[in-house]
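Before any comments, here is the structure.
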Amino acid sequence: MHLLRTTVPAAAGTRTRPSSPVGARDVRAVLGRLPLWAGPVALGLICASVYVTTGSAALRSASFLVVAVIAVAAILAGASLHAPARPLFWHLMALGSALFVVGALVRPWAVTQPGMLAATADVFTLAGYLACVGGLLGIAGPHARSNTFAMLDGLVAVVGCACVVVIFLGLPAVAVAGRPVWVSVLAGVYPMLDIAVVFVILQLGFTSAGGTVSFRALTCSLLFFLVGDVGYAWIGVQGRLVGPPLLDLPYFGAYTLFAVAALHPTMTQLTSAVPRPAQAWSRRRLALLVPALCLPSLTVLLSSAQPLTARAVEAGAGLVVALLVVRRALSAVERHVAAQQTLLYQSTHDGLTGMVNRVAATDALDRIAAGAAADGGAVWAAVLDLDHFRLVNDTWGSAVGDRLLSAMAARLTGVAAEHACPLVARQGGDEFVFAGAAPSAEAATGTALRLAVALREAASRPVLVDELEFAVSVSIGAAVGPGPTSAVGLLRNADTALGRAKFEGRDRCVLYDEAMSAVVAKRLRLGTALRRAIELEELEVFYQPIVRIDGGRVQGCEALLRWTLKGEGPVSPAEFIPVAEESGLVVELGAWVLEQAAVTTMQWRRCGVVDNDFSVSVNVSARQLVEGDFVATVHDVLERTGLPARCLVLEITESVMLTDPDTSIALLEELRSGGVRLSLDDFGTGYSSLSHLDRLPVHTVKLDRSFVAALDAPNGNAAIVRAVQGIAEALGLSVVAEGVETPAQLSTLRALRVGLGQGWLWGPAVSASDFASRWSVSAGNTITVPAAAGSDGTAKPWPDGWGTS
């Protein structure tokens, strides 16, 4: 990057440019639209033209000085204007360019000085190289260090090119007689320094900045310096130190492109580039490597009688290139092995917790079972599930859910280690697997159950995540089998037991037995049949009266879904409603029941079966409320059937508060504002019932049957019923007592001023036609309670309530 080493006679003067017909305002408008870097490009072209055409040495020096100063100013201005991530390194390049300028200006004087003073210009030039290399290393160095293949490829190219430069430029220049050796050495050193600088900047080509304007301009600038220095090295081989003006043109291009690189907005991407993934032996890399590998050998073929020094350089370059290629091959192999190991780990381990996954767990369990079979022992497995974990993700987001899972995984792993459990895995979601072997089936059962107790106890301790405290319960299904048991079968049995634990209320451990498989098979069969039940007209809505306790007048009814499976007979709601909940069919079935109840009630009203105050109650599950557009469904049914909103009562349970309570309450408020009445079903069986009663916008409370049944027990305590009635009165709510079956219960409820009742004391749920014939307004619409009703111990096929009752 040194220049102005030519001295030529004066030439013709410069030419003037004809005036433009465009107005001054139009010129300013056009110039205002030009990019910032267009100015240095225009000045660079003008100065280069002046340098080539003028015969004045002073004018040449001035034109070069203008281009160089503009480049330095542009680098400083670009660093200030665009504010790159590491502006210091751009300042170093500006310093290097300024030193080049000083070296070029000093050179005409230095070449006339004796001794070492003649090297003054080269001192400035070499210092400029150091500054520029420091700046470029600051910009591209981090990317070179992070990309081993790019660095090795560049070094191979540098060594190959350096070999050519030394053989064809450096050594012949040193052999020139009549001048100091250091002059000849420097003539060959400058191209090698340019090659090294180009190598550094090319590292950015393997990053996201590789296609930017600034990268391309900077790379071309350095290549121009290389071309210029090679030109001077070539005339140095011929014993000359100066050449024609055309030999300096590459330096004008270099400085101009330096300015473009700094002023273009993409200069910020050079210091914030992201490495791009590339294949270790891609075609582009091979296009760079193969010629570089051939260069040392080509120098042997292209150069004639070589001195010992040249052969030593060629041999050394060949050896270095060979070592670099070997190192590169080893790096590629190492990376391939590391990638294979990473893929293997990822295929057998969970990415969140680091535990082995289900695939690896199945293989490990097969090996444990094989070992147990060889020893005549037994194998056990337990599947653990975090209860209601979905609510954490729905309420606080998946990030909190992931951290909770990680914390629980670490805690459960510690418990398993304390119990010497050989296999701990996460099989997906919030489920974990634990397995091991024991000398006998009894020992395996004991081991599994003891571990389950410890896991439940550990999980119950509060977990703190992002300043949120979670109380977690777990459900566990365990299974034991003889040694030959397959892992798939054992885990399937444990999953079956886990399903039973959830069905029984969660927060418990259930040990698998053969009867559970039959239950699961039946549930699967019911799920398949239930999907076709509406089409096959196997479903029917029954209605059970809701009666005023004083007087027996029928106030309304509750719509209850019944299913008669063809070829098998009636299916209990306690069996098919949970299946509908799990499969999501409850949303479709619930909408169907709602429409049937509304249509039937309107038919009764038109036929005079019921009066205008009669209301129909329809059960709504938590899933039905939050999935789909339930509010729109209700309004659509009311509009199509003509049923007044005040005649529809939607019965909900406290479970709606478990899934996004704020959304559920907002939906209920919207329904209430539309005139629909709301009732809280099974009151007293959930947790925090009083707080929920205060938040939920309900009109009615349905007292759970368990409290009503307790009124018949010896020394029956009516305190709870009295308390609920008192709270309801204070909140302005009415109370419906569910499961009323005996005159004694009725008498107590009447004494406690409970307004409404429902149960077998007044009659079971019946079809729409039977309801119309039994409790029509024309028939008095009252029910006389028989003295012995409900006290004969007769088993009742359907409990009261929605689907599940």
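Each chain in the structure tokens gets a letter, A, B and so on, in the order shown; residues start at 1 in every chain, and ligands are counted from 1 in the order they appear.
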**Prompt:** So which bits of stretch 486-604 of chain A end up strand (DSSP E or B) when you DSSP the backbone, as a list in words?
**Reply:**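 Here are the strand (DSSP E or B) residues of stretch 486-604 of chain A: Cys509, Val510, Leu511, Leu539, Glu540, Val541, Phe542, Tyr543, Gln544, Pro545, Ile546, Val547, Arg548, Arg553, Val554, Gln555, Gly556, Cys557, Glu558, Ala559, Leu560, Leu561, Arg562, Trp563, Thr564, Leu565, Gly569, Pro570 and Val571 of chain A.
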Counting only C-alpha atoms, what is within 12 Å of A:Asp770, bar same-chain residues fewer than 3 positions away, as a VMD selection string?
chain A and resid 541 to 545 604 609 763 to 767 773 to 776
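Residues with any atom within 8 Å of stretch 494-502 of chain A, counting only C-alpha atoms and excluding same-chain neighbours fewer than 4 positions away, are Ala381, Ala382, Val383, Leu384, Asp385, Ser475, Ile476, Gly477, Ala478, Ala479, Leu490, Arg506, Asp507, Arg508, Cys509, Val510, Leu511, Tyr512, Asp513, Met516, Ser517 and Val520 of chain A.
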Exercise. Between A:Leu680, A:Gln745, A:Gln269, A:Gly377, single out the one closest to A:Ala444, counting only C-alpha atoms.
Key: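 Of A:Leu680, A:Gln745, A:Gln269, A:Gly377, the one nearest A:Ala444 is A:Gly377, counting only C-alpha atoms.
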Check your understanding: Which of stretch 471-572 of chain A counts as helix (DSSP H, G or I) under DSSP, as an MDAnalysis selection string please?
Key -> chainID A and resid 487:503 514:533
(Q) Please list as a count of residues only every residue within 12 Å of A:Val593, counting only C-alpha atoms and excluding residues in the same chain fewer than 4 positions away. (A) 30
- Nearest to A:Leu95, chosen from A:Ala262, A:Glu670, A:Tyr129, A:Ser747, with only C-alpha atoms counted in the distances: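 For A:Leu95, the nearest of the given residues is A:Tyr129.
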